[in-house]
$ cat start26.txt   # compact mmCIF, C-alpha atoms and all ligand atoms
# COMPACT_ATOMS: atom_id res chain seq x y z
CA MET A 1 -8.33 -0.48 -48.48
CA LYS A 2 -5.95 -3.45 -48.11
CA VAL A 3 -3.89 -2.22 -51.06
CA LYS A 4 -3.70 1.24 -49.53
CA ASN A 5 -2.62 -0.24 -46.20
CA SER A 6 0.01 -2.39 -47.85
CA LEU A 7 1.39 0.60 -49.72
CA ARG A 8 1.54 2.59 -46.52
CA LEU A 9 3.29 -0.30 -44.82
CA LEU A 10 5.75 -0.63 -47.70
CA ALA A 11 6.51 3.08 -47.49
CA ALA A 12 7.11 2.84 -43.74
CA VAL A 13 9.36 -0.21 -44.09
CA THR A 14 11.29 1.35 -47.00
CA SER A 15 11.92 4.60 -45.18
CA LEU A 16 13.08 2.69 -42.14
CA ALA A 17 15.36 0.46 -44.24
CA MET A 18 16.81 3.59 -45.90
CA LEU A 19 17.40 5.14 -42.54
CA VAL A 20 19.27 2.09 -41.32
CA SER A 21 21.23 1.57 -44.58
CA CYS A 22 22.32 5.23 -44.61
CA GLY A 23 23.86 4.55 -41.23
CA GLU A 24 21.53 7.06 -39.63
CA SER A 25 20.47 6.14 -36.14
CA ARG A 26 16.90 5.31 -35.40
CA PRO A 27 14.68 7.90 -33.80
CA GLU A 28 14.81 7.81 -30.04
CA TYR A 29 11.35 8.91 -28.99
CA ALA A 30 7.86 7.63 -29.70
CA TYR A 31 6.73 11.11 -30.75
CA ASP A 32 9.60 11.74 -33.22
CA ALA A 33 8.32 12.42 -36.72
CA GLU A 34 10.53 9.66 -38.22
CA THR A 35 9.27 7.00 -35.79
CA PRO A 36 7.01 4.54 -37.63
CA SER A 37 3.44 4.42 -36.35
CA LEU A 38 2.57 1.24 -34.47
CA TYR A 39 -1.04 1.08 -35.58
CA GLU A 40 -0.20 1.84 -39.20
CA ALA A 41 2.34 -1.00 -39.18
CA TYR A 42 -0.46 -3.39 -38.19
CA SER A 43 -3.22 -1.95 -40.34
CA ASP A 44 -3.47 -5.13 -42.44
CA TYR A 45 -4.09 -7.19 -39.33
CA PHE A 46 -5.79 -5.49 -36.39
CA HIS A 47 -6.37 -2.17 -34.67
CA ILE A 48 -3.99 -1.11 -31.91
CA GLY A 49 -5.16 0.87 -28.94
CA ALA A 50 -4.24 2.29 -25.56
CA ALA A 51 -5.99 3.02 -22.27
CA ILE A 52 -5.71 6.69 -21.35
CA ASN A 53 -6.97 9.17 -18.77
CA SER A 54 -8.68 12.52 -19.35
CA TRP A 55 -5.53 14.41 -18.28
CA ASP A 56 -3.73 12.89 -21.28
CA LEU A 57 -5.98 15.03 -23.48
CA THR A 58 -5.70 18.43 -21.82
CA ASP A 59 -2.55 19.67 -23.57
CA GLN A 60 -3.06 18.81 -27.21
CA THR A 61 0.34 20.25 -28.15
CA SER A 62 2.31 17.94 -25.86
CA ASP A 63 4.61 15.13 -27.03
CA ARG A 64 2.48 12.77 -24.99
CA PHE A 65 -0.68 13.74 -26.85
CA ASN A 66 1.05 13.60 -30.23
CA LEU A 67 2.44 10.13 -29.67
CA LEU A 68 -1.00 8.85 -28.67
CA VAL A 69 -2.56 10.08 -31.89
CA LYS A 70 0.39 8.76 -33.89
CA HIS A 71 0.61 5.21 -32.53
CA TYR A 72 -2.94 4.16 -31.65
CA ASP A 73 -6.21 4.14 -33.54
CA THR A 74 -8.31 2.85 -30.65
CA PHE A 75 -8.77 4.28 -27.16
CA VAL A 76 -10.43 3.43 -23.87
CA MET A 77 -10.46 5.25 -20.53
CA GLU A 78 -8.53 3.52 -17.79
CA ASN A 79 -10.96 4.46 -14.99
CA GLU A 80 -13.24 7.35 -15.81
CA THR A 81 -16.06 5.42 -17.51
CA LYS A 82 -16.31 2.90 -14.67
CA PRO A 83 -19.51 2.95 -12.57
CA ASP A 84 -17.93 4.57 -9.48
CA GLN A 85 -16.60 7.49 -11.52
CA ILE A 86 -19.34 8.08 -14.07
CA HIS A 87 -22.28 7.33 -11.75
CA PRO A 88 -21.09 7.94 -8.17
CA THR A 89 -24.54 8.35 -6.61
CA GLU A 90 -27.94 7.29 -7.90
CA ASP A 91 -28.82 10.83 -8.99
CA THR A 92 -25.39 12.00 -10.11
CA TYR A 93 -23.64 11.30 -13.35
CA ASN A 94 -20.14 12.63 -13.96
CA PHE A 95 -19.96 12.68 -17.74
CA GLY A 96 -17.23 15.33 -18.11
CA PRO A 97 -14.18 13.07 -18.58
CA THR A 98 -15.92 10.63 -20.93
CA ASP A 99 -17.42 13.53 -22.93
CA ALA A 100 -13.90 14.94 -23.41
CA PHE A 101 -12.66 11.48 -24.41
CA VAL A 102 -15.42 11.12 -27.01
CA GLU A 103 -14.76 14.60 -28.42
CA PHE A 104 -11.07 13.75 -28.73
CA GLY A 105 -11.88 10.45 -30.47
CA GLU A 106 -14.21 12.09 -32.96
CA ALA A 107 -11.84 14.97 -33.70
CA ASN A 108 -9.05 12.50 -34.46
CA GLY A 109 -11.05 9.76 -36.20
CA LYS A 110 -10.37 7.12 -33.54
CA ILE A 111 -12.24 3.97 -32.53
CA LEU A 112 -13.55 4.25 -28.97
CA ARG A 113 -14.20 1.59 -26.34
CA GLY A 114 -16.29 2.09 -23.22
CA HIS A 115 -15.04 0.31 -20.11
CA THR A 116 -17.15 -0.85 -18.32
CA LEU A 117 -20.89 -0.90 -17.63
CA VAL A 118 -21.31 -3.72 -15.10
CA TRP A 119 -18.53 -4.89 -12.79
CA HIS A 120 -18.28 -6.08 -9.17
CA SER A 121 -15.27 -3.80 -8.62
CA GLN A 122 -15.20 0.01 -8.82
CA CYS A 123 -18.99 -0.09 -8.55
CA PRO A 124 -20.56 2.13 -5.89
CA GLN A 125 -22.33 0.44 -3.02
CA TRP A 126 -25.56 2.42 -3.56
CA PHE A 127 -26.49 0.06 -6.41
CA PHE A 128 -26.88 -2.79 -3.93
CA GLU A 129 -28.57 -0.99 -1.02
CA ASP A 130 -32.03 0.30 -0.22
CA ASN A 131 -32.47 2.32 2.99
CA GLY A 132 -29.74 0.41 4.77
CA GLN A 133 -31.08 -2.96 3.60
CA GLU A 134 -30.01 -5.06 0.67
CA ALA A 135 -31.73 -3.90 -2.52
CA SER A 136 -34.33 -6.24 -4.03
CA ALA A 137 -33.67 -8.00 -7.34
CA ASP A 138 -36.26 -5.78 -9.04
CA LEU A 139 -34.63 -2.59 -7.76
CA LEU A 140 -31.13 -3.68 -8.74
CA VAL A 141 -32.26 -4.73 -12.21
CA GLN A 142 -34.04 -1.39 -12.66
CA ARG A 143 -30.95 0.53 -11.55
CA MET A 144 -28.71 -1.48 -13.85
CA LYS A 145 -31.04 -0.83 -16.79
CA ASP A 146 -31.17 2.90 -16.03
CA HIS A 147 -27.37 3.03 -15.71
CA ILE A 148 -26.77 1.25 -19.01
CA THR A 149 -29.51 3.06 -20.94
CA THR A 150 -28.40 6.50 -19.77
CA ILE A 151 -24.72 5.98 -20.57
CA VAL A 152 -24.98 3.99 -23.79
CA SER A 153 -27.65 6.29 -25.28
CA ARG A 154 -25.59 9.38 -24.45
CA TYR A 155 -22.70 8.00 -26.50
CA LYS A 156 -24.82 6.23 -29.13
CA GLY A 157 -22.97 6.04 -32.45
CA ARG A 158 -19.90 7.60 -30.80
CA ILE A 159 -18.52 4.91 -28.49
CA ASP A 160 -18.08 1.97 -30.85
CA THR A 161 -17.58 -0.90 -28.40
CA TRP A 162 -18.72 -1.52 -24.84
CA ASP A 163 -17.29 -3.89 -22.26
CA VAL A 164 -20.83 -4.54 -21.09
CA CYS A 165 -19.84 -6.91 -18.29
CA ASN A 166 -16.39 -7.27 -16.79
CA GLU A 167 -14.96 -10.21 -14.85
CA VAL A 168 -18.19 -12.15 -14.25
CA LEU A 169 -16.15 -15.35 -13.89
CA ASP A 170 -13.47 -16.17 -11.39
CA GLY A 171 -11.12 -19.16 -11.35
CA GLY A 172 -13.86 -21.65 -10.42
CA GLY A 173 -16.92 -20.46 -12.37
CA MET A 174 -19.45 -17.69 -11.89
CA ARG A 175 -18.13 -15.03 -9.52
CA PHE A 176 -20.34 -14.72 -6.45
CA SER A 177 -20.70 -10.94 -6.65
CA ASP A 178 -23.55 -8.77 -5.39
CA TRP A 179 -24.92 -8.86 -8.93
CA ILE A 180 -25.40 -12.59 -8.96
CA LYS A 181 -26.29 -12.79 -5.28
CA ILE A 182 -29.14 -10.29 -5.58
CA VAL A 183 -30.40 -10.78 -9.14
CA GLY A 184 -29.81 -14.56 -9.31
CA ASP A 185 -32.13 -16.63 -11.51
CA TYR A 186 -34.41 -13.67 -12.25
CA ASP A 187 -36.41 -15.29 -15.05
CA GLY A 188 -36.56 -18.72 -13.40
CA ASP A 189 -34.97 -20.55 -16.32
CA GLY A 190 -32.43 -22.36 -14.14
CA ASP A 191 -29.33 -20.36 -14.93
CA LYS A 192 -27.98 -17.64 -12.65
CA TYR A 193 -26.52 -15.19 -15.10
CA ASP A 194 -29.66 -13.23 -15.79
CA PHE A 195 -28.00 -9.92 -14.86
CA ILE A 196 -25.59 -10.49 -17.75
CA GLU A 197 -28.38 -11.26 -20.20
CA ILE A 198 -30.37 -8.21 -19.14
CA ALA A 199 -27.24 -6.03 -19.34
CA PHE A 200 -26.54 -7.05 -22.94
CA GLU A 201 -30.17 -6.73 -24.00
CA THR A 202 -30.38 -3.25 -22.46
CA ALA A 203 -27.14 -2.13 -24.11
CA ARG A 204 -28.33 -3.42 -27.50
CA GLU A 205 -31.58 -1.51 -27.18
CA ALA A 206 -29.73 1.70 -26.29
CA ASP A 207 -27.32 1.46 -29.23
CA PRO A 208 -28.16 -1.25 -31.78
CA ASP A 209 -24.90 -0.63 -33.68
CA ALA A 210 -22.43 -0.79 -30.80
CA ARG A 211 -20.22 -3.87 -30.43
CA LEU A 212 -21.02 -5.56 -27.13
CA ILE A 213 -18.23 -7.43 -25.36
CA ILE A 214 -17.98 -9.69 -22.34
CA ASN A 215 -14.54 -9.03 -20.88
CA ASP A 216 -12.44 -11.14 -18.51
CA TYR A 217 -8.92 -11.95 -17.32
CA SER A 218 -6.81 -15.13 -17.54
CA LEU A 219 -8.92 -16.56 -20.36
CA GLU A 220 -5.68 -17.07 -22.32
CA SER A 221 -3.90 -18.89 -19.51
CA ASP A 222 -6.65 -20.82 -17.72
CA SER A 223 -8.29 -23.35 -20.01
CA ASN A 224 -11.01 -24.15 -17.46
CA LYS A 225 -11.98 -20.51 -17.40
CA ALA A 226 -11.95 -20.35 -21.21
CA ILE A 227 -14.24 -23.38 -21.34
CA LYS A 228 -16.60 -21.84 -18.73
CA MET A 229 -16.75 -18.64 -20.76
CA TYR A 230 -17.35 -20.61 -23.95
CA SER A 231 -20.25 -22.59 -22.43
CA MET A 232 -21.88 -19.58 -20.84
CA VAL A 233 -21.69 -17.41 -23.96
CA LYS A 234 -22.80 -20.34 -26.14
CA SER A 235 -26.01 -20.76 -24.17
CA MET A 236 -26.61 -17.01 -24.17
CA LEU A 237 -26.13 -16.84 -27.96
CA GLU A 238 -28.49 -19.78 -28.40
CA GLU A 239 -31.09 -17.88 -26.40
CA GLY A 240 -30.57 -14.82 -28.61
CA VAL A 241 -28.68 -12.67 -26.08
CA PRO A 242 -26.76 -10.05 -28.11
CA VAL A 243 -23.15 -10.78 -27.13
CA ASP A 244 -20.89 -9.76 -30.03
CA GLY A 245 -17.56 -10.91 -28.67
CA VAL A 246 -15.26 -11.90 -25.85
CA GLY A 247 -12.58 -9.52 -24.58
CA LEU A 248 -9.37 -11.03 -23.30
CA GLN A 249 -7.73 -8.61 -20.89
CA MET A 250 -4.31 -10.26 -21.29
CA HIS A 251 -2.41 -8.87 -18.32
CA VAL A 252 0.35 -11.30 -19.17
CA GLY A 253 3.78 -11.99 -17.71
CA ILE A 254 7.16 -12.48 -19.29
CA ASP A 255 6.85 -16.20 -18.49
CA MET A 256 3.49 -16.63 -20.25
CA ASP A 257 2.91 -19.67 -22.43
CA VAL A 258 1.97 -18.26 -25.84
CA GLU A 259 1.11 -21.65 -27.35
CA ALA A 260 -1.29 -22.38 -24.47
CA ALA A 261 -2.83 -18.95 -25.08
CA ARG A 262 -3.34 -19.80 -28.74
CA GLU A 263 -5.17 -23.00 -27.79
CA ASN A 264 -7.37 -21.24 -25.23
CA ILE A 265 -8.26 -18.47 -27.65
CA LYS A 266 -9.23 -21.13 -30.18
CA ILE A 267 -11.71 -22.53 -27.64
CA LEU A 268 -13.42 -19.14 -27.52
CA ALA A 269 -13.19 -18.70 -31.27
CA ARG A 270 -15.49 -21.72 -31.66
CA LEU A 271 -18.30 -19.36 -30.72
CA LYS A 272 -18.08 -18.30 -34.36
CA GLU A 273 -19.78 -21.61 -35.17
CA ILE A 274 -22.91 -20.11 -33.58
CA ASN A 275 -22.43 -16.55 -34.75
CA PRO A 276 -20.02 -16.16 -37.69
CA ASP A 277 -19.58 -12.47 -36.83
CA PHE A 278 -18.50 -13.21 -33.27
CA VAL A 279 -15.24 -11.43 -32.41
CA ILE A 280 -12.31 -11.85 -30.04
CA GLU A 281 -10.54 -8.71 -28.84
CA VAL A 282 -7.46 -8.19 -26.71
CA THR A 283 -8.59 -5.41 -24.41
CA GLU A 284 -5.98 -4.70 -21.69
CA LEU A 285 -2.58 -5.91 -22.81
CA ASP A 286 0.50 -5.38 -20.67
CA MET A 287 3.48 -7.65 -20.00
CA SER A 288 4.85 -7.77 -16.48
CA CYS A 289 8.62 -8.21 -16.38
CA TYR A 290 8.30 -10.38 -13.29
CA SER A 291 7.51 -14.09 -13.22
CA TRP A 292 4.14 -14.88 -11.66
CA ASN A 293 5.68 -16.22 -8.44
CA ASP A 294 8.24 -13.40 -8.01
CA SER A 295 7.45 -10.98 -5.19
CA SER A 296 10.41 -8.62 -5.62
CA THR A 297 9.90 -4.91 -6.25
CA GLU A 298 12.85 -4.10 -8.53
CA ILE A 299 14.23 -5.77 -11.59
CA ASN A 300 17.20 -4.95 -13.80
CA PHE A 301 15.36 -4.48 -17.09
CA SER A 302 18.47 -4.77 -19.25
CA LYS A 303 19.03 -8.27 -17.85
CA ILE A 304 15.62 -9.50 -18.99
CA GLU A 305 15.31 -7.31 -22.09
CA ASP A 306 16.01 -10.12 -24.57
CA ASP A 307 13.41 -12.40 -22.99
CA PHE A 308 10.92 -9.52 -22.86
CA ASN A 309 11.45 -8.76 -26.55
CA ALA A 310 11.24 -12.41 -27.54
CA LYS A 311 7.97 -12.86 -25.67
CA TYR A 312 6.45 -9.74 -27.23
CA VAL A 313 7.45 -10.98 -30.68
CA GLU A 314 6.02 -14.44 -30.03
CA LEU A 315 2.81 -12.85 -28.79
CA PHE A 316 2.41 -10.50 -31.74
CA GLU A 317 3.19 -13.35 -34.14
CA MET A 318 0.28 -15.20 -32.59
CA PHE A 319 -1.95 -12.12 -32.88
CA ILE A 320 -1.05 -11.84 -36.57
CA ASP A 321 -1.87 -15.53 -37.11
CA LEU A 322 -5.22 -15.11 -35.35
CA ALA A 323 -5.97 -12.01 -37.39
CA GLU A 324 -5.17 -13.89 -40.60
CA GLU A 325 -7.63 -16.57 -39.53
CA GLY A 326 -10.24 -13.86 -39.01
CA LEU A 327 -10.29 -14.42 -35.24
CA LEU A 328 -8.87 -11.15 -33.89
CA ASP A 329 -9.31 -7.53 -34.96
CA SER A 330 -8.25 -5.38 -32.02
CA VAL A 331 -5.33 -5.28 -29.57
CA VAL A 332 -5.51 -2.61 -26.88
CA PHE A 333 -2.71 -1.94 -24.39
CA TRP A 334 -3.65 -1.07 -20.79
CA GLY A 335 -1.61 2.14 -20.89
CA PHE A 336 1.26 3.04 -23.19
CA ASN A 337 4.40 4.04 -21.27
CA ASP A 338 6.27 2.41 -18.39
CA GLY A 339 5.83 5.43 -16.13
CA ASP A 340 2.06 5.15 -16.05
CA THR A 341 0.93 1.63 -15.43
CA TRP A 342 -1.26 0.07 -12.77
CA LEU A 343 1.50 -2.60 -12.54
CA ASN A 344 3.71 -0.07 -10.71
CA GLY A 345 2.67 -1.10 -7.21
CA TYR A 346 0.39 -4.00 -8.18
CA PRO A 347 0.21 -6.84 -7.26
CA VAL A 348 3.32 -6.19 -5.13
CA GLU A 349 3.36 -2.89 -3.24
CA GLY A 350 6.26 -0.60 -4.14
CA ARG A 351 7.06 -2.55 -7.30
CA THR A 352 8.35 -0.87 -10.45
CA ASN A 353 7.42 -2.56 -13.69
CA TYR A 354 8.28 -1.99 -17.36
CA PRO A 355 5.44 -3.59 -19.32
CA PHE A 356 5.25 -1.51 -22.49
CA LEU A 357 7.12 -0.74 -25.72
CA MET A 358 8.20 2.73 -24.57
CA ASP A 359 9.76 3.86 -21.30
CA ALA A 360 8.55 6.52 -18.89
CA GLU A 361 10.11 9.30 -21.00
CA TYR A 362 8.52 7.87 -24.19
CA ARG A 363 11.91 6.58 -25.35
CA LEU A 364 11.44 3.64 -27.71
CA LYS A 365 12.52 0.34 -26.17
CA SER A 366 14.15 -2.29 -28.37
CA ALA A 367 10.89 -4.27 -28.09
CA PHE A 368 9.15 -1.44 -29.97
CA TRP A 369 11.38 -1.97 -32.99
CA GLU A 370 10.93 -5.72 -32.92
CA VAL A 371 7.15 -5.41 -32.73
CA VAL A 372 6.78 -2.59 -35.28
CA GLU A 373 8.98 -4.38 -37.82
CA LEU A 374 7.23 -7.72 -37.50
CA PRO A 375 4.44 -7.14 -40.08
CA GLY A 376 7.07 -5.99 -42.61
CA LYS A 377 8.97 -9.26 -42.17
CA LYS A 378 5.75 -11.23 -42.61
CA SER A 379 4.57 -9.63 -45.83
C1 LIG A 401 -7.29 -0.89 -13.09
C2 LIG A 401 -6.71 0.50 -13.34
O1 LIG A 401 -5.66 0.38 -14.24
C3 LIG A 401 -6.23 1.09 -12.03
O2 LIG A 401 -5.83 2.45 -12.23
C4 LIG A 401 -7.34 1.05 -10.98
O3 LIG A 401 -6.82 1.49 -9.75
C5 LIG A 401 -7.86 -0.36 -10.83
O4 LIG A 401 -8.29 -0.85 -12.11
N1 LIG A 401 -8.88 -5.29 -15.10
C6 LIG A 401 -9.73 -4.32 -15.55
C7 LIG A 401 -9.31 -2.90 -15.43
O5 LIG A 401 -10.75 -4.63 -16.18
O6 LIG A 401 -10.42 -2.05 -15.27
C8 LIG A 401 -8.34 -2.70 -14.27
O7 LIG A 401 -7.89 -1.35 -14.29
C9 LIG A 401 -7.19 -3.66 -14.41
C10 LIG A 401 -7.69 -5.09 -14.35
$ encode --input "start26.txt" --output "structure tokens" --more "lines below"
Ligand code: XIL
Amino acid sequence: MKVKNSLRLLAAVTSLAMLVSCGESRPEYAYDAETPSLYEAYSDYFHIGAAINSWDLTDQTSDRFNLLVKHYDTFVMENETKPDQIHPTEDTYNFGPTDAFVEFGEANGKILRGHTLVWHSQCPQWFFEDNGQEASADLLVQRMKDHITTIVSRYKGRIDTWDVCNEVLDGGGMRFSDWIKIVGDYDGDGDKYDFIEIAFETAREADPDARLIINDYSLESDSNKAIKMYSMVKSMLEEGVPVDGVGLQMHVGIDMDVEAARENIKILARLKEINPDFVIEVTELDMSCYSWNDSSTEINFSKIEDDFNAKYVELFEMFIDLAEEGLLDSVVFWGFNDGDTWLNGYPVEGRTNYPFLMDAEYRLKSAFWEVVELPGKKS
């Protein structure tokens, strides 16, 4: 497999080198046949994915569709598998979009992630209510189990990885969400994260072969949060709770500290001491072009392009190092082109952002070339 991948990589690098040495210009668009595939370039290191929406899959002859299949081997839905969309009322499931996503993945041999089963956000209020009153712990636990069992069993053996719980921590520790407020210390063992334990156990029962991830933000930048996550997952693993890995969202900024990220990821990687198969995934990568304390809405991308490229290269060099150490096997972008990103308008209203390797017309940015050529320079 490795030999095959290396050969493929060699072929891609050689054809690119020939193209450049013949004085031919590089392809302009992500969907051009001569454009090297991003995921194939990294096939010796980790999978590369993108978050998509069901409307990306409707026209399977479009450039947009073709570039998705070409550049990514892993996919996740940006919103349509979240509780509010897939399970809007207690008796209604809306499986259509996720069914289409799964059919697409199977038809194209892709790895699929399910995002997300339990979250405080984009979760309908009915979970937490009972005839106008707050639901009891028993009722909420039963609803959560039904939700997880129904969804995970439907896609058993088809969705490979689940973000079972999303954002259970905040800056200071456990997030005081309705989940923790209502379920609390359900088994009386002194810790308050029983809803997480039950969620993972239920998901494991529904699909014993699926990879089960606990997903969160700022783990790479906030060492206190990384340590909290480490301690919580460590005690869950010691109690036999089936957590297979931690997902780092990695909504990073152009001013991120990559070396600090490396150190924080290493904290989480120590969970491998308890379970050697424990994995770290990057689940929602995008790079804002604005510094964290900038509140402006427009930026001249060409002015920051060099810094943007350099930071992407530094980041992917770190990912390669982590992959070589056996600590990382998947990097998923939260979108794929600058025209469709939740960062347009967030966290500053009216803002335009340029977080990806291709622009809104799928034109390849210079960062694409730097990132896609990196593995070739390494080997
Ligand atoms: C975001 C989507 O991208 C937006 O379209 C939606 O309006 C809000 O949610 N962390 C997560 C993702 O885990 O689910 C969020 O996705 C981005 C932050």
$ residues_around --input "start26.txt" --residues "A:Lys70" --least-positions-apart "2" --cutoff "9 Å" --atoms "all atoms listed in the file" --output "PDB file with C-alpha atoms, in the coordinates of the input"
ATOM      1  CA  ALA A  30       7.860   7.630 -29.700  1.00  0.00           C
ATOM      2  CA  TYR A  31       6.730  11.110 -30.750  1.00  0.00           C
ATOM      3  CA  PRO A  36       7.010   4.540 -37.630  1.00  0.00           C
ATOM      4  CA  SER A  37       3.440   4.420 -36.350  1.00  0.00           C
ATOM      5  CA  LEU A  38       2.570   1.240 -34.470  1.00  0.00           C
ATOM      6  CA  TYR A  39      -1.040   1.080 -35.580  1.00  0.00           C
ATOM      7  CA  GLU A  40      -0.200   1.840 -39.200  1.00  0.00           C
ATOM      8  CA  PHE A  65      -0.680  13.740 -26.850  1.00  0.00           C
ATOM      9  CA  ASN A  66       1.050  13.600 -30.230  1.00  0.00           C
ATOM     10  CA  LEU A  67       2.440  10.130 -29.670  1.00  0.00           C
ATOM     11  CA  LEU A  68      -1.000   8.850 -28.670  1.00  0.00           C
ATOM     12  CA  TYR A  72      -2.940   4.160 -31.650  1.00  0.00           C
ATOM     13  CA  ASP A  73      -6.210   4.140 -33.540  1.00  0.00           C
TER      14      ASP A  73
END
$ residues_around --input "start26.txt" --residues "stretch 153-162 of chain A" --least-positions-apart "5" --cutoff "7 Å" --atoms "all atoms listed in the file" --output "VMD selection string"
chain A and resid 102 111 to 116 206 to 207 210 to 213
$ residues_around --input "start26.txt" --residues "stretch 121-127 of chain A" --least-positions-apart "4" --cutoff "12 Å" --atoms "only C-alpha atoms" --output "CSV table (one decimal) with C-alpha atoms, keeping the file's coordinate frame"
chain,number,residue,atom,x,y,z
A,78,GLU,CA,-8.5,3.5,-17.8
A,79,ASN,CA,-11.0,4.5,-15.0
A,80,GLU,CA,-13.2,7.4,-15.8
A,81,THR,CA,-16.1,5.4,-17.5
A,82,LYS,CA,-16.3,2.9,-14.7
A,83,PRO,CA,-19.5,3.0,-12.6
A,84,ASP,CA,-17.9,4.6,-9.5
A,85,GLN,CA,-16.6,7.5,-11.5
A,86,ILE,CA,-19.3,8.1,-14.1
A,87,HIS,CA,-22.3,7.3,-11.8
A,88,PRO,CA,-21.1,7.9,-8.2
A,89,THR,CA,-24.5,8.4,-6.6
A,90,GLU,CA,-27.9,7.3,-7.9
A,91,ASP,CA,-28.8,10.8,-9.0
A,92,THR,CA,-25.4,12.0,-10.1
A,115,HIS,CA,-15.0,0.3,-20.1
A,116,THR,CA,-17.2,-0.8,-18.3
A,117,LEU,CA,-20.9,-0.9,-17.6
A,131,ASN,CA,-32.5,2.3,3.0
A,132,GLY,CA,-29.7,0.4,4.8
A,133,GLN,CA,-31.1,-3.0,3.6
A,134,GLU,CA,-30.0,-5.1,0.7
A,135,ALA,CA,-31.7,-3.9,-2.5
A,136,SER,CA,-34.3,-6.2,-4.0
A,137,ALA,CA,-33.7,-8.0,-7.3
A,138,ASP,CA,-36.3,-5.8,-9.0
A,139,LEU,CA,-34.6,-2.6,-7.8
A,140,LEU,CA,-31.1,-3.7,-8.7
A,141,VAL,CA,-32.3,-4.7,-12.2
A,142,GLN,CA,-34.0,-1.4,-12.7
A,143,ARG,CA,-31.0,0.5,-11.6
A,144,MET,CA,-28.7,-1.5,-13.8
A,145,LYS,CA,-31.0,-0.8,-16.8
A,146,ASP,CA,-31.2,2.9,-16.0
A,147,HIS,CA,-27.4,3.0,-15.7
A,165,CYS,CA,-19.8,-6.9,-18.3
A,166,ASN,CA,-16.4,-7.3,-16.8
A,167,GLU,CA,-15.0,-10.2,-14.8
A,168,VAL,CA,-18.2,-12.2,-14.2
A,175,ARG,CA,-18.1,-15.0,-9.5
A,177,SER,CA,-20.7,-10.9,-6.6
A,178,ASP,CA,-23.6,-8.8,-5.4
A,179,TRP,CA,-24.9,-8.9,-8.9
A,182,ILE,CA,-29.1,-10.3,-5.6
A,183,VAL,CA,-30.4,-10.8,-9.1
$ closest_residue --input "start26.txt" --among "A:Asn264, A:Ser218, A:Ser25, A:Gln60" --to "ligand LIG 401 (chain A)" --atoms "all atoms listed in the file"
A:Ser218
$ axis_aligned_box --input "start26.txt" --around "stretch 72-87 of chain A" --padding-each-side "4 Å" --output "JSON"
{"center_x": -12.6, "center_y": 5.5, "center_z": -21.5, "size_x": 27.3, "size_y": 13.2, "size_z": 32.1}
$ closest_residue --input "start26.txt" --among "A:Glu373, A:Glu34, A:Asp163, A:Glu28" --to "A:Asp359" --atoms "all atoms listed in the file"
A:Glu28
$ atom_distance --input "start26.txt" --atom1 "atom CA of A:Ala323" --atom2 "atom CA of A:Glu273"
17.0 Å
$ atom_distance --input "start26.txt" --atom1 "atom CA of A:Met229" --atom2 "atom CA of A:Gly335"
25.7 Å
$ closest_residue --input "start26.txt" --among "A:Glu298, A:Asp286, A:Asp56, A:Asp321" --to "ligand LIG 401 (chain A)" --atoms "all atoms listed in the file"
A:Asp286
$ closest_residue --input "start26.txt" --among "A:Leu248, A:Ala41, A:Ala360, A:Leu315" --to "ligand LIG 401 (chain A)" --atoms "all atoms listed in the file"
A:Leu248
$ residues_around --input "start26.txt" --residues "A:Leu327" --least-positions-apart "5" --cutoff "12 Å" --atoms "only C-alpha atoms" --output "NGL selection string"
:A and (45-46 or 245-247 or 262 or 265-273 or 276-282 or 318-322)
$ atom_distance --input "start26.txt" --atom1 "atom CA of A:Ala226" --atom2 "atom CA of A:Asp194"
19.8 Å
$ closest_residue --input "start26.txt" --among "A:Gly190, A:Gln249, A:Lys365, A:Glu325" --to "ligand LIG 401 (chain A)" --atoms "all atoms listed in the file"
A:Gln249
$ residues_around --input "start26.txt" --residues "A:Glu238" --least-positions-apart "5" --cutoff "12 Å" --atoms "all atoms listed in the file" --output "list in words"
Glu197, Ser231, Met232, Val233, Val243, Leu271, Glu273, Ile274 and Asn275 of chain A
$ closest_residue --input "start26.txt" --among "A:Thr98, A:Lys110, A:Gly240, A:Val348" --to "A:His47" --atoms "all atoms listed in the file"
A:Lys110
$ residues_near_point --input "start26.txt" --point "(9.0, 3.2, -20.4)" --cutoff "8 Å" --atoms "all atoms listed in the file" --output "list in words"
Asn337, Asp338, Gly339, Tyr354, Pro355, Phe356, Leu357, Met358, Asp359, Ala360, Glu361, Tyr362, Arg363, Leu364 and Lys365 of chain A
$ residues_near_point --input "start26.txt" --point "(14.6, -9.4, -22.9)" --cutoff "12 Å" --atoms "only C-alpha atoms" --output "short mmCIF file (atom, residue, chain, number, x, y, z; two decimals) with C-alpha atoms, in the coordinates of the input"
data_model
loop_
_atom_site.label_atom_id
_atom_site.label_comp_id
_atom_site.auth_asym_id
_atom_site.auth_seq_id
_atom_site.Cartn_x
_atom_site.Cartn_y
_atom_site.Cartn_z
CA ILE A 254 7.16 -12.48 -19.29
CA ASP A 255 6.85 -16.20 -18.49
CA MET A 287 3.48 -7.65 -20.00
CA SER A 288 4.85 -7.77 -16.48
CA CYS A 289 8.62 -8.21 -16.38
CA TYR A 290 8.30 -10.38 -13.29
CA ILE A 299 14.23 -5.77 -11.59
CA ASN A 300 17.20 -4.95 -13.80
CA PHE A 301 15.36 -4.48 -17.09
CA SER A 302 18.47 -4.77 -19.25
CA LYS A 303 19.03 -8.27 -17.85
CA ILE A 304 15.62 -9.50 -18.99
CA GLU A 305 15.31 -7.31 -22.09
CA ASP A 306 16.01 -10.12 -24.57
CA ASP A 307 13.41 -12.40 -22.99
CA PHE A 308 10.92 -9.52 -22.86
CA ASN A 309 11.45 -8.76 -26.55
CA ALA A 310 11.24 -12.41 -27.54
CA LYS A 311 7.97 -12.86 -25.67
CA TYR A 312 6.45 -9.74 -27.23
CA VAL A 313 7.45 -10.98 -30.68
CA TYR A 354 8.28 -1.99 -17.36
CA PRO A 355 5.44 -3.59 -19.32
CA LEU A 357 7.12 -0.74 -25.72
CA LYS A 365 12.52 0.34 -26.17
CA SER A 366 14.15 -2.29 -28.37
CA ALA A 367 10.89 -4.27 -28.09
CA PHE A 368 9.15 -1.44 -29.97
CA GLU A 370 10.93 -5.72 -32.92
#
